[in-house]
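This report concerns only the one structure given below.
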Amino acid sequence: MAYHLYWLSGVPSVWRVMLALNLKKIRYTETRFDPGSAEMSDPSFLQINPRGQVPVLMTPDGPIRESLAILAYLDRVKPEPPLFGRSATEAGVIWQWIMDYENHLRGAMVTLATIAFTGEQKTRAADLAGAMQIGVREFATILHRLRLMPWLGGNKISAADIVLYPGIQWMRRSLDHLEPSELHDMMQNPALKNWEQKIERLPKFDRTVPPGWSTDAPMNIVGLA
């Protein structure tokens with residue numbers, strides 16, 4: 001098999017790569033690391049990725065690390081369906097949504113998840129309030145977009161949807177452990193749910209879902225490459 005994925009369950013960035021491989025219909029073998037094990041710091045893995053992070057995709061051209069780099073690589077290897085659009089305008093819009101998430105929303109998600117799964121709601125109340133405020137602001141722009149367009153990048157699924165979907169599921173699980181808020185209400189928006197359901201109806205979607213995400217097991221707050 002030409003492609004081999006190293007991954008850790010519960011990491012949103014891994015889910016991105018699995019969704020992309022699935023959408024591109026690219027077959028691969030895999031190595032799943034166990035949370036808390038020393039496998040990611042083993043010298044043999046560090047030769048593949050000196051940072052000791054996942055995901056890493058072994059390819060005929062060598063190892064590719066960082067989830068966005070992997071998506072870009074896969075789009076060149078198998079251009080159909082395109083993840084980053086067919087025109088300069090489409091590429092700009094798609095990258096805009098990806099970078100909005102990476103630069104403005106993901107940090108707040110990490111804070112929410114850390115607080116939710118460590119039970120620090122009272123001791124980190126100010127941090128929680130700040131992360132909630134950012135979440136509300138950023139989700140307002142996402143919901144506005146999904147009321148106007150079927151996908152974040154436009155009329156077809158793109159890397160923007162593949163990048164944001166796992167993060168939004170990560171936020172849903174975090175919010176389940178926090179007191180009701182305006183952000184909870186926004187997550188019930190019909191436009192958002194319709195968008196999620198379209199992704200979940202993709203062929204073989206179930207094979208991409210991280211083991212344990214259907215249970216109440218904590219998510220990994222590591223390996224966010």
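Letters for chains follow the order of the structure tokens (A, B, ...), residue numbers begin at 1 for each chain, and ligand numbers begin at 1 in the order shown.
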May I have the residues within 12 Å of Pro203 of chain A as a CSV table (one decimal) with all heavy atoms, in the first residue's frame, using only C-alpha atoms and disregarding those fewer than 6 positions away in the same chain?
chain,number,residue,atom,x,y,z
A,19,LEU,N,-10.9,12.2,6.7
A,19,LEU,CA,-12.0,12.6,5.9
A,19,LEU,C,-11.5,12.9,4.5
A,19,LEU,O,-12.2,12.6,3.5
A,19,LEU,CB,-12.6,13.9,6.5
A,19,LEU,CG,-13.5,13.7,7.7
A,19,LEU,CD1,-13.8,15.1,8.3
A,19,LEU,CD2,-14.8,13.0,7.3
A,20,ALA,N,-10.3,13.5,4.4
A,20,ALA,CA,-9.8,13.8,3.0
A,20,ALA,C,-9.4,12.6,2.3
A,20,ALA,O,-9.7,12.4,1.1
A,20,ALA,CB,-8.5,14.7,3.2
A,21,LEU,N,-8.8,11.6,2.9
A,21,LEU,CA,-8.4,10.3,2.3
A,21,LEU,C,-9.7,9.6,1.8
A,21,LEU,O,-9.8,9.1,0.7
A,21,LEU,CB,-7.7,9.4,3.2
A,21,LEU,CG,-6.2,9.9,3.5
A,21,LEU,CD1,-5.7,9.1,4.8
A,21,LEU,CD2,-5.3,9.6,2.3
A,22,ASN,N,-10.7,9.7,2.6
A,22,ASN,CA,-12.0,9.1,2.3
A,22,ASN,C,-12.7,9.8,1.1
A,22,ASN,O,-13.1,9.1,0.2
A,22,ASN,CB,-12.9,9.1,3.5
A,22,ASN,CG,-14.2,8.3,3.3
A,22,ASN,OD1,-14.2,7.2,2.9
A,22,ASN,ND2,-15.3,9.0,3.6
A,23,LEU,N,-12.7,11.1,1.1
A,23,LEU,CA,-13.3,11.9,0.0
A,23,LEU,C,-12.6,11.6,-1.3
A,23,LEU,O,-13.2,11.5,-2.4
A,23,LEU,CB,-13.3,13.3,0.4
A,23,LEU,CG,-14.1,14.3,-0.6
A,23,LEU,CD1,-15.6,13.9,-0.5
A,23,LEU,CD2,-13.9,15.7,-0.2
A,24,LYS,N,-11.2,11.5,-1.2
A,24,LYS,CA,-10.4,11.3,-2.4
A,24,LYS,C,-10.4,9.8,-2.8
A,24,LYS,O,-9.9,9.5,-3.9
A,24,LYS,CB,-9.0,11.7,-2.1
A,24,LYS,CG,-8.8,13.2,-1.9
A,24,LYS,CD,-8.8,14.0,-3.2
A,24,LYS,CE,-8.3,15.4,-3.0
A,24,LYS,NZ,-8.3,16.2,-4.2
A,25,LYS,N,-11.0,8.9,-2.0
A,25,LYS,CA,-11.0,7.5,-2.3
A,25,LYS,C,-9.6,6.9,-2.4
A,25,LYS,O,-9.3,6.1,-3.3
A,25,LYS,CB,-11.8,7.2,-3.5
A,25,LYS,CG,-13.3,7.6,-3.4
A,25,LYS,CD,-14.1,7.2,-4.6
A,25,LYS,CE,-15.6,7.6,-4.4
A,25,LYS,NZ,-16.4,7.3,-5.6
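Non-sequential neighbours of segment 40-46 of chain A (distance at most 12 Å, separation of 6 or more positions within a chain, only C-alpha atoms) are Tyr6, Trp7, Leu8, Thr31, Arg32, Phe33, Asp34, Gly52, Gln53, Val54, Pro55, Val56, Leu57, Met58, Pro63, Arg65, Val222 and Gly223 of chain A.
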Shell around Leu148 of chain A at 12 Å using only C-alpha atoms, local window under 6 positions removed, as an mmCIF file with all heavy atoms, in the first residue's frame:
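See part.cif below for the written result:
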data_model
loop_
_atom_site.group_PDB
_atom_site.id
_atom_site.type_symbol
_atom_site.label_atom_id
_atom_site.label_comp_id
_atom_site.auth_asym_id
_atom_site.auth_seq_id
_atom_site.Cartn_x
_atom_site.Cartn_y
_atom_site.Cartn_z
ATOM 1 N N THR A 141 -20.098 34.193 12.512
ATOM 2 C CA THR A 141 -19.680 34.304 11.111
ATOM 3 C C THR A 141 -19.888 32.984 10.376
ATOM 4 O O THR A 141 -20.275 32.974 9.203
ATOM 5 C CB THR A 141 -18.200 34.728 11.013
ATOM 6 O OG1 THR A 141 -17.360 33.710 11.556
ATOM 7 C CG2 THR A 141 -17.953 36.025 11.755
ATOM 8 N N ILE A 142 -19.633 31.864 11.054
ATOM 9 C CA ILE A 142 -19.834 30.551 10.435
ATOM 10 C C ILE A 142 -21.305 30.332 10.109
ATOM 11 O O ILE A 142 -21.667 29.889 9.011
ATOM 12 C CB ILE A 142 -19.303 29.443 11.351
ATOM 13 C CG1 ILE A 142 -17.772 29.528 11.458
ATOM 14 C CG2 ILE A 142 -19.732 28.062 10.847
ATOM 15 C CD1 ILE A 142 -17.179 28.629 12.529
ATOM 16 N N GLY A 154 -18.216 27.409 -0.611
ATOM 17 C CA GLY A 154 -19.069 27.758 -1.746
ATOM 18 C C GLY A 154 -20.122 26.709 -2.008
ATOM 19 O O GLY A 154 -20.843 26.287 -1.102
ATOM 20 N N ASN A 155 -20.188 26.222 -3.253
ATOM 21 C CA ASN A 155 -21.237 25.285 -3.640
ATOM 22 C C ASN A 155 -20.852 23.823 -3.490
ATOM 23 O O ASN A 155 -21.697 22.942 -3.687
ATOM 24 C CB ASN A 155 -21.653 25.552 -5.094
ATOM 25 C CG ASN A 155 -22.387 26.877 -5.242
ATOM 26 O OD1 ASN A 155 -23.260 27.199 -4.443
ATOM 27 N ND2 ASN A 155 -22.026 27.652 -6.263
ATOM 28 N N ALA A 191 -29.002 25.552 10.321
ATOM 29 C CA ALA A 191 -28.048 25.629 9.211
ATOM 30 C C ALA A 191 -26.784 24.846 9.530
ATOM 31 O O ALA A 191 -26.225 24.151 8.673
ATOM 32 C CB ALA A 191 -27.708 27.085 8.907
ATOM 33 N N LEU A 192 -26.326 24.938 10.778
ATOM 34 C CA LEU A 192 -25.135 24.199 11.201
ATOM 35 C C LEU A 192 -25.412 22.707 11.190
ATOM 36 O O LEU A 192 -24.607 21.909 10.690
ATOM 37 C CB LEU A 192 -24.702 24.648 12.595
ATOM 38 C CG LEU A 192 -23.473 23.941 13.171
ATOM 39 C CD1 LEU A 192 -22.233 24.250 12.342
ATOM 40 C CD2 LEU A 192 -23.257 24.340 14.628
ATOM 41 N N TRP A 195 -25.514 21.284 7.677
ATOM 42 C CA TRP A 195 -24.148 21.158 7.141
ATOM 43 C C TRP A 195 -23.451 19.922 7.719
ATOM 44 O O TRP A 195 -22.832 19.153 6.986
ATOM 45 C CB TRP A 195 -23.388 22.431 7.475
ATOM 46 C CG TRP A 195 -21.922 22.414 7.202
ATOM 47 C CD1 TRP A 195 -21.304 22.561 5.980
ATOM 48 C CD2 TRP A 195 -20.878 22.267 8.167
ATOM 49 N NE1 TRP A 195 -19.942 22.518 6.140
ATOM 50 C CE2 TRP A 195 -19.651 22.338 7.467
ATOM 51 C CE3 TRP A 195 -20.856 22.099 9.550
ATOM 52 C CZ2 TRP A 195 -18.414 22.240 8.111
ATOM 53 C CZ3 TRP A 195 -19.627 21.995 10.194
ATOM 54 C CH2 TRP A 195 -18.427 22.053 9.477
#
Could you give me the residues within segment 32-128 of chain A that DSSP places in helix (DSSP H, G or I), as a PyMOL selection string?
chain A and resi 39-41+43-46+67-77+88-118+125-128
